[in-house]
Each structure stands twice: as structure tokens, then as C-alpha cells.
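Source file: final21.csv. Holds: CSV, C-alpha atoms.
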```csv
chain,number,residue,atom,x,y,z
A,1,LYS,CA,-38.8,-3.8,-12.7
A,2,LEU,CA,-37.5,-6.8,-14.7
A,3,GLN,CA,-35.3,-4.5,-16.8
A,4,LYS,CA,-33.9,-2.8,-13.6
A,5,GLY,CA,-33.2,-6.2,-12.1
A,6,ARG,CA,-31.3,-7.3,-15.2
A,7,LYS,CA,-29.3,-4.1,-15.2
A,8,LYS,CA,-28.5,-4.5,-11.5
A,9,THR,CA,-27.4,-8.1,-12.2
A,10,LYS,CA,-25.1,-7.0,-15.0
A,11,VAL,CA,-23.5,-4.4,-12.7
A,12,ILE,CA,-22.9,-7.0,-10.0
A,13,GLN,CA,-21.5,-9.5,-12.5
A,14,ARG,CA,-19.2,-6.9,-13.9
A,15,LYS,CA,-18.0,-6.0,-10.4
A,16,LYS,CA,-17.4,-9.6,-9.5
A,17,GLY,CA,-15.7,-10.2,-12.8
A,18,TRP,CA,-13.4,-7.2,-12.3
A,19,ILE,CA,-12.3,-8.3,-8.8
A,20,GLY,CA,-12.1,-11.8,-10.1
A,21,ASN,CA,-9.7,-10.7,-12.8
A,22,LEU,CA,-7.5,-9.0,-10.2
A,23,THR,CA,-7.4,-12.1,-8.0
A,24,ARG,CA,-6.4,-14.3,-11.0
A,25,ILE,CA,-3.6,-11.9,-11.8
A,26,PHE,CA,-2.2,-11.2,-8.4
A,27,THR,CA,-3.0,-14.2,-6.2
A,28,PRO,CA,-1.5,-17.7,-6.8
A,29,ASN,CA,-4.1,-19.9,-5.2
A,30,ILE,CA,-7.8,-20.0,-4.2
A,31,GLN,CA,-7.2,-19.4,-0.5
A,32,GLU,CA,-5.2,-16.2,-1.1
A,33,ALA,CA,-7.8,-15.1,-3.6
A,34,ALA,CA,-10.6,-15.5,-1.1
A,35,CYS,CA,-8.6,-13.4,1.5
A,36,PHE,CA,-7.9,-10.8,-1.2
A,37,GLU,CA,-11.6,-10.4,-2.1
A,38,MET,CA,-12.7,-10.4,1.6
A,39,VAL,CA,-10.3,-7.7,2.6
A,40,TRP,CA,-11.1,-5.7,-0.6
A,41,LYS,CA,-14.8,-5.6,0.3
A,42,MET,CA,-14.4,-5.2,4.1
A,43,SER,CA,-12.0,-2.2,3.6
A,44,GLY,CA,-14.8,-0.4,1.9
A,45,ARG,CA,-17.4,-1.3,4.6
A,46,GLU,CA,-15.5,-0.9,7.9
A,47,ARG,CA,-16.4,2.5,9.2
A,48,LYS,CA,-13.4,2.9,11.5
A,49,TYR,CA,-11.0,1.8,8.8
A,50,LYS,CA,-12.4,4.4,6.4
A,51,GLN,CA,-12.3,7.1,9.1
A,52,THR,CA,-8.7,6.4,9.7
A,53,VAL,CA,-7.4,5.9,6.2
A,54,TYR,CA,-9.4,8.3,4.0
A,55,PRO,CA,-8.1,11.5,5.7
A,56,VAL,CA,-4.6,10.5,4.6
A,57,PHE,CA,-5.5,11.3,1.0
A,58,GLY,CA,-6.1,14.9,2.1
A,59,TYR,CA,-2.9,15.0,4.1
A,60,LEU,CA,-1.0,13.7,1.0
A,61,LEU,CA,-2.3,16.5,-1.2
A,62,ILE,CA,-1.5,19.1,1.4
A,63,PHE,CA,2.1,17.8,2.0
A,64,ILE,CA,2.7,17.6,-1.8
A,65,LEU,CA,1.5,21.1,-2.4
A,66,MET,CA,3.4,22.5,0.5
A,67,TYR,CA,6.6,20.8,-0.6
A,68,ALA,CA,6.1,21.7,-4.2
A,69,PHE,CA,5.5,25.4,-3.6
A,70,LYS,CA,7.9,26.1,-0.7
A,71,GLY,CA,10.7,28.6,-1.2
A,72,LYS,CA,11.0,32.2,-2.3
A,73,ASP,CA,12.0,31.6,-5.9
A,74,LEU,CA,8.9,29.8,-7.0
A,75,SER,CA,8.3,28.9,-10.6
A,76,LEU,CA,7.8,25.9,-12.8
A,77,ASN,CA,11.3,26.2,-14.1
A,78,THR,CA,12.8,26.0,-10.6
A,79,LEU,CA,10.6,23.0,-9.8
A,80,GLN,CA,11.7,21.2,-13.0
A,81,ALA,CA,15.3,21.9,-12.2
A,82,SER,CA,15.0,20.3,-8.8
A,83,LYS,CA,14.6,16.6,-7.8
A,84,ARG,CA,11.6,17.1,-5.7
A,85,TYR,CA,9.8,14.4,-7.6
A,86,LEU,CA,11.7,11.9,-5.5
A,87,VAL,CA,10.0,13.1,-2.3
A,88,PHE,CA,6.6,13.2,-4.2
A,89,LEU,CA,7.1,9.6,-5.2
A,90,TYR,CA,7.7,8.5,-1.7
A,91,PHE,CA,4.9,10.4,0.0
A,92,PRO,CA,2.5,7.5,-0.8
A,93,MET,CA,4.4,5.6,1.8
A,94,LEU,CA,2.3,7.6,4.3
A,95,LEU,CA,-0.8,6.0,2.8
A,96,SER,CA,0.5,2.5,2.7
A,97,PHE,CA,1.6,2.8,6.3
A,98,SER,CA,-1.8,3.9,7.4
A,99,LEU,CA,-3.5,1.1,5.3
A,100,ILE,CA,-1.3,-1.5,7.0
A,101,ALA,CA,-1.2,-0.2,10.5
A,102,ASN,CA,-5.0,0.0,10.7
A,103,LEU,CA,-5.9,-3.1,8.8
A,104,SER,CA,-6.2,-5.3,12.0
A,105,PHE,CA,-8.8,-3.0,13.7
A,106,SER,CA,-12.5,-3.4,13.5
A,107,GLU,CA,-15.7,-2.6,15.3
A,108,ASN,CA,-16.7,-6.2,14.9
A,109,LYS,CA,-13.8,-8.3,16.2
A,110,LYS,CA,-15.5,-11.5,15.2
A,111,SER,CA,-14.5,-11.0,11.6
A,112,SER,CA,-11.5,-13.3,12.1
A,113,TRP,CA,-13.7,-16.4,11.9
A,114,PHE,CA,-13.7,-16.2,8.1
A,115,PHE,CA,-9.9,-16.5,7.9
A,116,ARG,CA,-9.6,-19.1,10.7
A,117,ALA,CA,-12.3,-21.3,9.1
A,118,MET,CA,-10.3,-21.5,5.8
A,119,PRO,CA,-8.0,-24.6,5.3
A,120,ILE,CA,-4.8,-22.5,5.2
A,121,HIS,CA,-1.5,-24.0,6.4
A,122,SER,CA,0.2,-20.6,6.8
A,123,VAL,CA,-1.2,-17.3,8.1
A,124,GLY,CA,1.1,-15.7,5.6
A,125,VAL,CA,-1.4,-16.5,2.9
A,126,VAL,CA,-4.0,-14.4,4.7
A,127,LEU,CA,-1.6,-11.5,5.4
A,128,ARG,CA,-0.3,-11.5,1.8
A,129,GLY,CA,-3.7,-11.5,0.3
A,130,ALA,CA,-4.8,-8.7,2.6
A,131,LEU,CA,-1.7,-6.6,1.7
A,132,LYS,CA,-2.2,-7.1,-2.0
A,133,ALA,CA,-5.9,-6.1,-1.7
A,134,ILE,CA,-5.3,-2.8,0.1
A,135,LEU,CA,-2.3,-1.8,-1.9
A,136,ILE,CA,-4.0,-2.4,-5.3
A,137,LYS,CA,-7.2,-0.8,-4.1
A,138,TYR,CA,-5.8,2.3,-2.5
A,139,PHE,CA,-2.0,2.7,-2.9
A,140,VAL,CA,-1.6,1.9,-6.7
A,141,PRO,CA,-4.2,4.4,-7.9
A,142,THR,CA,-2.7,7.1,-5.7
A,143,PHE,CA,0.8,6.4,-6.9
A,144,VAL,CA,-0.3,6.4,-10.5
A,145,VAL,CA,-1.8,9.9,-10.1
A,146,ILE,CA,1.3,11.3,-8.4
A,147,ALA,CA,3.6,9.6,-11.0
A,148,SER,CA,1.5,11.0,-13.8
A,149,CYS,CA,1.8,14.5,-12.4
A,150,SER,CA,5.5,14.0,-12.0
A,151,VAL,CA,5.9,12.9,-15.6
A,152,TYR,CA,3.9,16.0,-16.7
A,153,ILE,CA,6.3,18.3,-14.9
A,154,TRP,CA,9.7,16.5,-15.2
A,155,GLY,CA,9.1,14.5,-18.4
A,156,VAL,CA,9.6,10.9,-19.3
A,157,ALA,CA,13.3,11.0,-18.2
A,158,ILE,CA,12.2,10.1,-14.7
A,159,ILE,CA,10.4,6.9,-15.7
A,160,ASP,CA,13.1,4.8,-14.2
A,161,ASP,CA,12.9,6.8,-11.0
A,162,ILE,CA,9.1,6.1,-10.9
A,163,ILE,CA,9.6,2.4,-11.4
A,164,LEU,CA,12.2,2.2,-8.7
A,165,ALA,CA,10.1,4.3,-6.3
A,166,PHE,CA,7.1,2.1,-6.9
A,167,ILE,CA,9.0,-1.1,-6.2
A,168,THR,CA,10.6,0.4,-3.1
A,169,ASN,CA,7.3,1.6,-1.8
A,170,VAL,CA,5.9,-1.9,-2.2
A,171,LEU,CA,9.0,-3.5,-0.6
A,172,VAL,CA,8.8,-1.2,2.4
A,173,ALA,CA,5.1,-1.9,2.7
A,174,ILE,CA,5.8,-5.6,2.9
A,175,LEU,CA,8.5,-5.1,5.5
A,176,LEU,CA,6.2,-2.8,7.5
A,177,GLN,CA,3.5,-5.4,7.6
A,178,MET,CA,5.9,-8.1,8.7
A,179,ILE,CA,7.0,-5.9,11.6
A,180,LEU,CA,3.8,-4.3,12.6
A,181,VAL,CA,1.0,-6.8,12.0
A,182,HIS,CA,0.3,-9.5,14.5
A,183,ASP,CA,-3.5,-9.8,14.0
A,184,LEU,CA,-5.8,-11.0,11.3
A,185,PRO,CA,-7.5,-8.4,9.2
A,186,PHE,CA,-10.3,-6.6,11.0
A,187,SER,CA,-10.1,-8.8,14.1
A,188,ALA,CA,-8.7,-6.6,16.9
A,189,GLU,CA,-9.9,-3.6,18.9
A,190,LYS,CA,-7.8,-0.4,18.6
A,191,ASN,CA,-6.1,0.7,21.9
A,192,ALA,CA,-6.2,4.5,21.9
A,193,ASN,CA,-3.9,4.5,25.0
A,194,ASP,CA,-1.0,2.7,23.3
A,195,MET,CA,1.1,5.8,23.1
A,196,GLY,CA,4.4,3.9,23.0
A,197,GLY,CA,3.3,1.8,20.1
A,198,ASN,CA,2.0,4.7,18.2
A,199,PHE,CA,5.3,6.6,18.7
A,200,PHE,CA,7.3,3.6,17.6
A,201,LYS,CA,5.2,3.4,14.4
A,202,GLY,CA,5.6,7.1,13.7
A,203,VAL,CA,9.4,6.9,14.1
A,204,LEU,CA,9.5,3.8,11.9
A,205,LEU,CA,7.5,5.5,9.2
A,206,MET,CA,9.8,8.6,9.2
A,207,ILE,CA,12.9,6.4,9.1
A,208,SER,CA,11.5,4.4,6.2
A,209,ILE,CA,10.7,7.4,4.1
A,210,SER,CA,13.9,9.1,4.9
A,211,VAL,CA,16.1,6.1,4.1
A,212,ALA,CA,14.2,5.3,0.9
A,213,VAL,CA,14.5,8.9,-0.4
A,214,LEU,CA,18.2,9.2,0.5
A,215,ILE,CA,19.1,5.9,-1.1
A,216,HIS,CA,17.2,6.8,-4.3
A,217,TYR,CA,18.7,10.4,-4.3
A,218,GLY,CA,22.2,9.0,-4.0
A,219,LEU,CA,21.6,6.6,-6.9
A,220,THR,CA,20.7,9.5,-9.2
A,221,PHE,CA,24.3,10.7,-9.1
A,222,ILE,CA,25.6,7.5,-10.6
A,223,ASN,CA,25.0,6.8,-14.2
A,224,TYR,CA,22.4,4.1,-14.8
A,225,ALA,CA,22.4,3.2,-11.1
A,226,VAL,CA,18.6,3.9,-10.8
A,227,ALA,CA,17.8,1.6,-13.7
A,228,ILE,CA,20.2,-1.1,-12.5
A,229,ALA,CA,18.8,-0.9,-8.9
A,230,ILE,CA,15.3,-1.8,-10.2
A,231,ILE,CA,16.4,-5.5,-10.8
A,232,PRO,CA,17.6,-6.4,-7.3
A,233,PHE,CA,14.8,-4.4,-5.6
A,234,PHE,CA,12.2,-6.3,-7.7
A,235,ILE,CA,13.8,-9.6,-6.9
A,236,SER,CA,13.7,-8.7,-3.2
A,237,ILE,CA,9.9,-8.2,-3.5
A,238,PHE,CA,9.6,-11.7,-5.0
A,239,PHE,CA,11.5,-13.4,-2.2
A,240,ALA,CA,9.8,-11.3,0.5
A,241,LEU,CA,6.4,-12.4,-0.8
A,242,LYS,CA,7.6,-16.0,-0.9
A,243,SER,CA,8.6,-15.7,2.8
A,244,TYR,CA,5.0,-15.3,3.8
A,245,ASN,CA,4.6,-19.0,3.2
A,246,LYS,CA,6.8,-19.7,6.2
A,247,MET,CA,4.7,-17.6,8.6
A,248,ASN,CA,3.2,-19.6,11.5
A,249,TRP,CA,-0.1,-19.1,13.1
A,250,SER,CA,1.7,-18.5,16.4
A,251,ARG,CA,2.5,-14.9,15.4
A,252,ILE,CA,-1.2,-14.0,15.4
A,253,HIS,CA,-2.5,-12.5,18.7
A,254,SER,CA,-6.2,-12.3,17.8
```
Would you encode the structure as C-alpha cells?
Amino acid sequence: KLQKGRKKTKVIQRKKGWIGNLTRIFTPNIQEAACFEMVWKMSGRERKYKQTVYPVFGYLLIFILMYAFKGKDLSLNTLQASKRYLVFLYFPMLLSFSLIANLSFSENKKSSWFFRAMPIHSVGVVLRGALKAILIKYFVPTFVVIASCSVYIWGVAIIDDIILAFITNVLVAILLQMILVHDLPFSAEKNANDMGGNFFKGVLLMISISVAVLIHYGLTFINYAVAIAIIPFFISIFFALKSYNKMNWSRIHS
């Protein structure tokens, strides 16, 4: 029993250390780190959140397979000759959208006390920590798998496309959170009758994916444009994350 207890303690310590390392890398202060860890854990415990988000992984796989193997002249050569990898690299936006759009909802609406009890001057610290947690936990691994498969098919020549697509996905996720989220993580009850809101979110998602793919596709026709675009897009993420510090608690409904 003592040995089992020691093994269990080691596992727990490793897990805490692993998450702790992530917070040290991706969060600039203790308050944001606490929000990051809280959302990381709660996203794996909230039943409704998992029921809403987890099916998206299946949808992604279906959409990618359908798009990859559509057409009469189907072969690996025709796939390699196309630029379908651009669409593949932006499909994860479906996942990030679902992660963000459902982050506020919970069966236990009292979860917001944790965030309100913290000495935080700006609610942006909470939202930024929450966004980083769900993106790193769910979006990044998914994108890495899709990017790896794309490199296997199209080769290392698309590395700059992968980097730009990743940065664009993250930037769009930040903008979507700024537009859609007006509640603390896991603090609101989902309104199934909000058809207008759901329609708006769906349209916003389709527009986001379409615009991102079209811009990226257009850049591929200009020499070095994709590689050059990485710099301003990355800088945009930096300033977008900085803007969270200016968010006021008045934007929160719950």
C-alpha cells in the first residue's frame, strides 16, 4: 500500500509539474497562471463542455477525409498537386470556435466565484488565461497532427504555410473570444432557444474560415509572401493579447 501511495504521489507530482511548466512558459503572472490551471482542469471535468466539444474531433476527421478524397480523379499525385492542405490547416478553426463558444457554459453556474475572488484588476487576465488553456490543451495537439499529415503528403515545402496557418488560427481565436465571450468560464447556463445567437455564431465561423483560407491562398501566388506575412500576423497576436489588459469587468454578464 505504501508503494502504491508513493507511485500515486509521483504521478500527481509529475502532472502538477507538467501543467506548472506550461503556466511558466505561457502565462506572465500568477493570476493568469491560476486561471490557466483552473480552466485546464475544469475543461476535462465539465460534462456538458465535453459533450459539446469532443464530437467536433469526429467532425474534423470526417470533413478532412471528405475533402481529401472528393473528385473523380482520385490519387495521391492529384492530391499532392493541389493546395488542399490550406483547407486542412484551417479546419481546426472549427474546434477552436467550439472551444471558445462553449467555454462559458456549465451545469454549476457558481464556478465563477473562483475568478471573482481573485485580486485581478482586469477580467482580460481571466479570459486570456482561459483561452490559452483550451487552445494548448485541445487545439495545438489537433493542429500538430493535421500539420504532420500535411507535411507527409506535401513535403517540407509547406512549412511556412503551416506556420502562417497556425498563427492565423490563433489570431482568429483571439478575435472570436473578444466578440463572443461575455461571461466568465463555466459560469453561465446555455440557452437552447437562442436561435438567433447560434445562427450569428455559425455565420461568423464560416466567414472567418473562408476569409482566412482565401487570404492565405492568394498569398501563395506571390513569391515569399507567405513567409513575409508570418511577421505581421505574429505581431498582431502579441498586441491582441496585450489588449486583454484593458478589458473591464463591465463586459461580463455573469
Choose the residue, out of A:Ala240, A:Ile25, A:Gln31, A:Gln80, that has the smallest atom-to-atom separation from Ile120 (chain A); count all atoms listed in the file.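 Checking each of A:Ala240, A:Ile25, A:Gln31, A:Gln80 against Ile120 (chain A), counting all atoms listed in the file, the winner is A:Gln31.
Using only C-alpha atoms for every distance, the candidate list A:Met206, A:Met118, A:Ala33, A:Ile146 yields A:Ile146 as the residue closest to Ile64 (chain A).
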Find the distance between CA of Ile19 (chain A) and CA of Gly44 (chain A) and write it in Å to one decimal.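 Spanning CA of Ile19 (chain A) to CA of Gly44 (chain A) is a straight-line distance of 13.5 Å.
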Which residues are close to Phe115 (chain A), i.e. within 9 Å by all atoms listed in the file, leaving aside same-chain residues fewer than 2 positions away? Reply as an MDAnalysis selection string. chainID A and resid 35 111:113 117:120 123 126 184:185
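Residue nearest Trp154 (chain A), chosen from A:Thr220, A:Ser43, A:Thr78, A:Asn21 and counting all atoms listed in the file: A:Thr78.
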Per residue of region 38-85 of chain A within 10 Å of region 103-107 of chain A, record the nearest atom pair and its distance in Å to one decimal, counting all atoms listed in the file, with rows in chain order and ascending residue number, as a tab-separated table.
```
residue	atom	partner	partner_atom	distance
A:Val39	CA	A:Leu103	CA	8.9
A:Met42	CA	A:Ser106	CA	9.8
A:Ser43	CA	A:Leu103	CA	8.1
A:Glu46	CA	A:Ser106	CA	6.8
A:Arg47	CA	A:Glu107	CA	8.0
A:Lys48	CA	A:Ser106	CA	6.7
A:Tyr49	CA	A:Leu103	CA	7.1
A:Thr52	CA	A:Leu103	CA	9.9
A:Val53	CA	A:Leu103	CA	9.5
```
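Residues lying within 10 Å of Val144 (chain A), counting all atoms listed in the file and ignoring same-chain neighbours fewer than 6 positions away, are A:Leu89, A:Ser150, A:Ile162, A:Phe166.
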Against region 176-179 of chain A, which residues of region 36-125 of chain A fall within 9 Å? For each one I want the closest pair of atoms and the distance in Å (one decimal), counting all atoms listed in the file, rows by chain and increasing residue number, as CSV.
```
residue,atom,partner,partner_atom,distance
A:Phe97,CA,A:Leu176,CA,7.3
A:Ile100,CA,A:Gln177,CA,6.2
A:Ala101,CA,A:Gln177,CA,7.6
```
Using all atoms listed in the file, which of A:Ile30, A:His216, A:Phe186, A:Val145 sits nearest Ile228 (chain A)?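 Smallest distance to Ile228 (chain A) is found for A:His216.
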Between A:Ser208, A:Thr142, A:Ser250, A:Thr168, which one has atoms that come closest to Leu95 (chain A), using only C-alpha atoms? A:Thr142
Can you tell me how far CA of Lys132 (chain A) sits from CA of Arg45 (chain A), in Å to one decimal?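 One can read the CA of Lys132 (chain A) to CA of Arg45 (chain A) distance as 17.6 Å.
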Mind giving me the straight-line distance from CA of Leu205 (chain A) to CA of Asn245 (chain A) in Å, one decimal? 25.4 Å
Protein/DNA/RNA residues near (-4.1, 12.5, 5.6), cut 12 Å, all atoms listed in the file, as number ranges by chain: A: 50-64, 91-99
Find the residues with any atom within 6 Å of (7.0, 17.5, -4.2); use only C-alpha atoms and the coordinates as given in the file, and write the answer as an MDAnalysis selection string. chainID A and resid 64 67:68 84:85 87:88
Nearest to Ile153 (chain A): which of A:Ala165, A:Asn102, A:Leu79, A:His182 is it, counting all atoms listed in the file? A:Leu79
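Counting only C-alpha atoms, Leu214 (chain A) has the following residues at most 10 Å away, ignoring those fewer than 4 positions along the same chain: Leu86, Val87, Ile209, Ser210, Gly218 and Leu219 of chain A.
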